[in-house]
Each structure stands twice: as structure tokens, then as C-alpha cells.
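These notes concern the structure reproduced below.
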Amino acid sequence: MQDETLLAQIKHRLLDQPDGSKDIGCHKVDGVPPLHAKRDPKPSAVLIGLVERGPLSHVLYIERSSHLRAHAGQIAFPGGRVEEGDRDPVMTALREAEEEVDLNQDDVDVLGFLPNYLSGTNYLITPVVATIKPRKPFVANPDEVASFFEVPLPHLIPANHYSKIRFVRGDEAQRETWRIDYQDRAIWGITASMTRMFRDLVLTSKEDE
């Protein structure tokens, strides 16, 4: 499928507005409830950025700095918690991306939204999908980001690029999560699960299964 056709398909299948659901209808990590389900989930947003590179778009991922208190060293989409003053998830996702990789917000065209994702750590995540035409190179903020990389969009379509892994962290029960390998990178956990959701809802057609 040509990139322009695929991008048109993506935009057609996305939600026009952010998903308003907080529990019922959300995609839950591996179908299990959050670890702190008695608390209200923490609103956040991530940017699934489709960076235009020649004839093919690439999806932008970051590697979080190893000295961060939470999720250190993990692969993630740019993004973070909603802060006071953020008017909507788009503002949150773009503000965080600007802080993390010096993304120029004027280079971004929002295509739409995926359904909310309720993580096992009780984050209510709104995935914002957008194209990016970068007029300058991305620059990692060393306080937050160790590195960043891009995965060609067609790499995320074949089902055989996704595998299941099991893990146990601390006192958590054993869980399963998706894993995606690309070159020397392993994308797993929440980010891989959201990537799989992106793949299943907007990237694939019957012939891709």
C-alpha cells in the first residue's frame, strides 16, 4: 500500500475527537484491571508521530533517560501526564514532545485519536496520531530522553513482527505483553500494546492478517 493511501486510511479510521471513556470501553493492558483501581486514573496523552521521510512515514519513539524515577530506560511514545493549563490531550502530547525532542509544533498535523488506553499502572492515556514534517532535526532533552529512533510504518503492519512475552515486576502478578523488535531495539509493555492497538484499529486490512 502506498504511503499516501495508508495515511488516508489511518485518518479515516481514527476518532475525530478524544475518547471520553474512563473505564468501560477503554483498552486495558492485557485485559487486566489497573493495580490501583480504587484511585482515579491519571490523565495523560502520547503522540504517535508519523514522521514524513521520503516516500514512507516513520513512527517516532523515545528511550527514556536511565535516571528518571519512573519508567527509566523504557521505550515510549513522546508524551506524559496532563498538567494544569493543558486545554486538551493534543496540547499535552505536543507540549511533552517539544520538551523531550524539541519538536516544532508548527510541523505537526493532527489526524485524529485512538481510543483511550487504561494502563496497568492506572494511567488513562489518550493517543494522539499526527503527521510530522520536520523542518529541523529532533534533539533529545538529556534530562528526560536518552535517545530517539524511528520505525518505518510498514514494519508495524505484519502480525509476525509482534510476539507475546511474560514478565513479573515487584509484587505484580505475572502478566503478558506485546513485544516488537526493530533492529537492536525491543519495544514492549504499554508502548508495544498501544502500537498493537494502532496496528489493529487503523493500519491493517483483511489481507494483512
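In the C-alpha cells, the first chain shown is A, the next is B, and so on; residue numbers restart at 1 for each chain, and ligands run from 1 in the order shown.
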Lys136 of chain A: which residues within 10 Å, counting only C-alpha atoms, same-chain residues fewer than 3 positions away excluded, as a CSV table (one decimal) with all heavy atoms, in the first residue's frame?
chain,number,residue,atom,x,y,z
A,102,ASP,N,12.4,18.4,21.3
A,102,ASP,CA,12.5,19.7,20.6
A,102,ASP,C,11.6,19.7,19.3
A,102,ASP,O,12.0,20.3,18.3
A,102,ASP,CB,13.9,20.1,20.3
A,102,ASP,CG,14.0,21.6,20.0
A,102,ASP,OD1,13.2,22.4,20.5
A,102,ASP,OD2,15.0,22.0,19.2
A,103,LEU,N,10.5,19.1,19.4
A,103,LEU,CA,9.5,19.1,18.3
A,103,LEU,C,8.9,20.4,18.0
A,103,LEU,O,8.4,21.1,19.0
A,103,LEU,CB,8.4,18.1,18.5
A,103,LEU,CG,7.3,18.0,17.5
A,103,LEU,CD1,7.7,17.5,16.1
A,103,LEU,CD2,6.1,17.2,18.0
A,104,ASN,N,9.0,21.0,16.8
A,104,ASN,CA,8.3,22.2,16.5
A,104,ASN,C,6.9,21.9,16.3
A,104,ASN,O,6.5,21.2,15.3
A,104,ASN,CB,9.0,22.8,15.2
A,104,ASN,CG,8.4,24.2,14.9
A,104,ASN,OD1,7.3,24.6,15.3
A,104,ASN,ND2,9.3,25.0,14.2
A,107,ASP,N,5.1,22.0,12.9
A,107,ASP,CA,5.4,20.9,11.9
A,107,ASP,C,4.4,19.8,12.0
A,107,ASP,O,4.6,18.8,11.3
A,107,ASP,CB,6.8,20.4,12.1
A,107,ASP,CG,7.9,21.5,11.9
A,107,ASP,OD1,7.6,22.5,11.3
A,107,ASP,OD2,9.1,21.2,12.3
A,133,LYS,N,6.1,16.9,9.6
A,133,LYS,CA,7.1,17.3,8.6
A,133,LYS,C,8.2,18.2,9.2
A,133,LYS,O,8.1,19.4,9.2
A,133,LYS,CB,6.3,18.1,7.5
A,133,LYS,CG,5.3,17.3,6.7
A,133,LYS,CD,4.6,18.2,5.6
A,133,LYS,CE,3.6,17.4,4.8
A,133,LYS,NZ,2.9,18.2,3.8
A,139,VAL,N,16.1,16.9,18.7
A,139,VAL,CA,17.2,16.9,19.7
A,139,VAL,C,16.7,16.4,21.0
A,139,VAL,O,15.7,16.9,21.6
A,139,VAL,CB,17.7,18.3,19.8
A,139,VAL,CG1,18.8,18.4,20.9
A,139,VAL,CG2,18.1,18.9,18.5
_Nearest residue to Asp109 of chain A from the set A:Leu50, A:Ala159, A:Leu60, A:Ile165 (distances using only C-alpha atoms)_ =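 Distance minimum relative to Asp109 of chain A lands on A:Leu50.
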*Residues near Thr204 of chain A, cut-off 10 Å, only C-alpha atoms, skip fewer than 5 positions along chain, as a PyMOL selection string*: chain A and resi 6+9-10+156-159+198-199+209
File dump, residues just selected, N, CA, C and O atoms, as a CSV table (one decimal), in the first residue's frame:
chain,number,residue,atom,x,y,z
A,6,LEU,N,-2.2,4.8,2.7
A,6,LEU,CA,-2.2,4.3,4.0
A,6,LEU,C,-2.5,5.5,5.0
A,6,LEU,O,-3.3,5.3,5.9
A,9,GLN,N,-6.1,6.1,4.9
A,9,GLN,CA,-6.9,5.1,5.6
A,9,GLN,C,-6.8,5.3,7.1
A,9,GLN,O,-7.8,5.2,7.8
A,10,ILE,N,-5.6,5.7,7.6
A,10,ILE,CA,-5.4,6.0,9.0
A,10,ILE,C,-6.3,7.1,9.5
A,10,ILE,O,-7.1,6.9,10.5
A,156,LEU,N,5.3,-2.0,11.0
A,156,LEU,CA,4.4,-2.3,12.1
A,156,LEU,C,3.1,-3.0,11.6
A,156,LEU,O,2.3,-3.3,12.5
A,157,ILE,N,3.0,-3.3,10.4
A,157,ILE,CA,1.8,-3.9,9.8
A,157,ILE,C,1.8,-5.4,10.0
A,157,ILE,O,0.8,-6.0,10.5
A,158,PRO,N,2.8,-6.2,9.6
A,158,PRO,CA,2.8,-7.6,9.6
A,158,PRO,C,2.6,-8.2,11.1
A,158,PRO,O,3.3,-7.7,12.0
A,159,ALA,N,1.7,-9.1,11.2
A,159,ALA,CA,1.4,-9.7,12.6
A,159,ALA,C,2.6,-10.4,13.1
A,159,ALA,O,2.8,-10.5,14.3
A,198,PHE,N,-2.9,0.5,17.6
A,198,PHE,CA,-2.8,1.3,16.4
A,198,PHE,C,-2.8,0.4,15.2
A,198,PHE,O,-3.5,0.7,14.2
A,199,ARG,N,-2.0,-0.6,15.2
A,199,ARG,CA,-2.0,-1.6,14.1
A,199,ARG,C,-3.3,-2.2,13.8
A,199,ARG,O,-3.8,-2.2,12.7
A,209,GLU,N,-3.9,-9.8,7.6
A,209,GLU,CA,-4.0,-10.8,8.7
A,209,GLU,C,-3.4,-12.1,8.3
A,209,GLU,O,-3.4,-12.5,7.1
_When you look at segment 18-21 of chain A with a cut-off of 10 Å (counting only C-alpha atoms), what residues show up, excluding the ones that are within fewer than 2 positions of it in the same chain? I need them as a PyMOL selection string._
chain A and resi 14-16+23-26+88-90+112-118+124-128
Saved selection, atoms kept: N, CA and C atoms, as a compact mmCIF listing (two decimals), in the first residue's frame:
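And here is the file that came out, result37.txt:
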# COMPACT_ATOMS: atom_id res chain seq x y z
N LEU A 14 -9.50 6.83 12.39
CA LEU A 14 -9.28 7.41 13.71
C LEU A 14 -10.54 8.12 14.22
N LEU A 15 -10.59 8.32 15.53
CA LEU A 15 -11.64 9.14 16.13
C LEU A 15 -11.38 10.60 15.81
N ASP A 16 -12.46 11.35 15.55
CA ASP A 16 -12.31 12.78 15.28
C ASP A 16 -12.05 13.59 16.54
N ASP A 23 -13.26 4.08 31.72
CA ASP A 23 -13.12 2.69 32.13
C ASP A 23 -13.76 1.77 31.10
N ILE A 24 -15.07 1.69 31.11
CA ILE A 24 -15.76 0.82 30.18
C ILE A 24 -15.47 1.28 28.76
N GLY A 25 -15.01 0.38 27.94
CA GLY A 25 -14.69 0.73 26.56
C GLY A 25 -13.25 1.05 26.32
N CYS A 26 -12.50 1.31 27.40
CA CYS A 26 -11.07 1.57 27.24
C CYS A 26 -10.33 0.28 26.91
N ASP A 88 -6.36 20.37 26.26
CA ASP A 88 -6.83 19.12 25.68
C ASP A 88 -5.65 18.17 25.52
N PRO A 89 -5.91 16.90 25.16
CA PRO A 89 -4.80 15.95 25.01
C PRO A 89 -3.79 16.34 23.95
N VAL A 90 -4.22 17.03 22.91
CA VAL A 90 -3.29 17.46 21.87
C VAL A 90 -2.23 18.39 22.47
N GLY A 112 -6.06 12.53 14.18
CA GLY A 112 -7.17 12.05 14.99
C GLY A 112 -6.66 11.34 16.23
N PHE A 113 -7.52 10.49 16.80
CA PHE A 113 -7.23 9.89 18.10
C PHE A 113 -7.57 8.40 18.10
N LEU A 114 -6.81 7.64 18.87
CA LEU A 114 -7.18 6.27 19.18
C LEU A 114 -8.03 6.27 20.44
N PRO A 115 -8.76 5.16 20.69
CA PRO A 115 -9.49 5.07 21.96
C PRO A 115 -8.54 5.19 23.15
N ASN A 116 -9.06 5.68 24.25
CA ASN A 116 -8.25 5.79 25.46
C ASN A 116 -7.69 4.43 25.86
N TYR A 117 -6.52 4.47 26.49
CA TYR A 117 -5.83 3.26 26.92
C TYR A 117 -5.62 3.35 28.43
N LEU A 118 -6.21 2.43 29.18
CA LEU A 118 -6.07 2.41 30.63
C LEU A 118 -4.98 1.41 31.00
N LEU A 124 -4.59 6.89 32.40
CA LEU A 124 -5.59 6.95 31.33
C LEU A 124 -4.96 7.74 30.18
N ILE A 125 -4.54 7.02 29.15
CA ILE A 125 -3.73 7.60 28.08
C ILE A 125 -4.57 7.86 26.84
N THR A 126 -4.51 9.07 26.32
CA THR A 126 -5.13 9.41 25.05
C THR A 126 -4.05 9.44 23.98
N PRO A 127 -4.06 8.49 23.03
CA PRO A 127 -3.08 8.52 21.94
C PRO A 127 -3.51 9.49 20.85
N VAL A 128 -2.65 10.49 20.59
CA VAL A 128 -2.88 11.49 19.55
C VAL A 128 -2.05 11.09 18.34
*Got a sec to tell me which of segment 53-118 of chain A DSSP assigns to strand (DSSP E or B), as a list in words?*
Arg53, Leu56, Ser57, His58, Val59, Leu60, Tyr61, Ile62, Glu63, Arg64, Ile75, Ala76, Gly79, Gly80, Arg81, Val108, Asp109, Val110, Leu111, Gly112, Phe113, Tyr117 and Leu118 of chain A
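With only C-alpha atoms as the atoms that count, the residue of A:Leu203, A:Ile132, A:Ala192, A:Met91 with the shortest distance to Arg53 of chain A is A:Ile132.
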*Could you pull out the residues in segment 25-153 of chain A that DSSP calls alpha helix (DSSP H) from the backbone, as an MDAnalysis selection string?*
chainID A and resid 89:101
*asked:* Just the number, please: distance in Å from atom CA of His155 of chain A to atom CA of Ala93 of chain A, one decimal.
replied: 23.7 Å
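Counting only C-alpha atoms and comparing A:Pro43, A:Pro55, A:Gly189, A:Pro154, the residue that lies closest to Thr92 of chain A is A:Pro43.
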*What is the distance between atom CA of Ala130 of chain A and atom CA of Asp200 of chain A, in Å to one decimal?*
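Result for atom CA of Ala130 of chain A versus atom CA of Asp200 of chain A: 17.3 Å, one decimal.
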_Calculated over only C-alpha atoms, which of the candidates A:Phe149, A:Tyr123, A:Trp178, A:Phe77 has the smallest distance to Leu94 of chain A?_
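When distances to Leu94 of chain A are compared using only C-alpha atoms, the smallest one comes from A:Phe77.
Atom CA of Glu99 of chain A to atom CA of Asn141 of chain A spans 6.9 Å [interatomic distance, one decimal].
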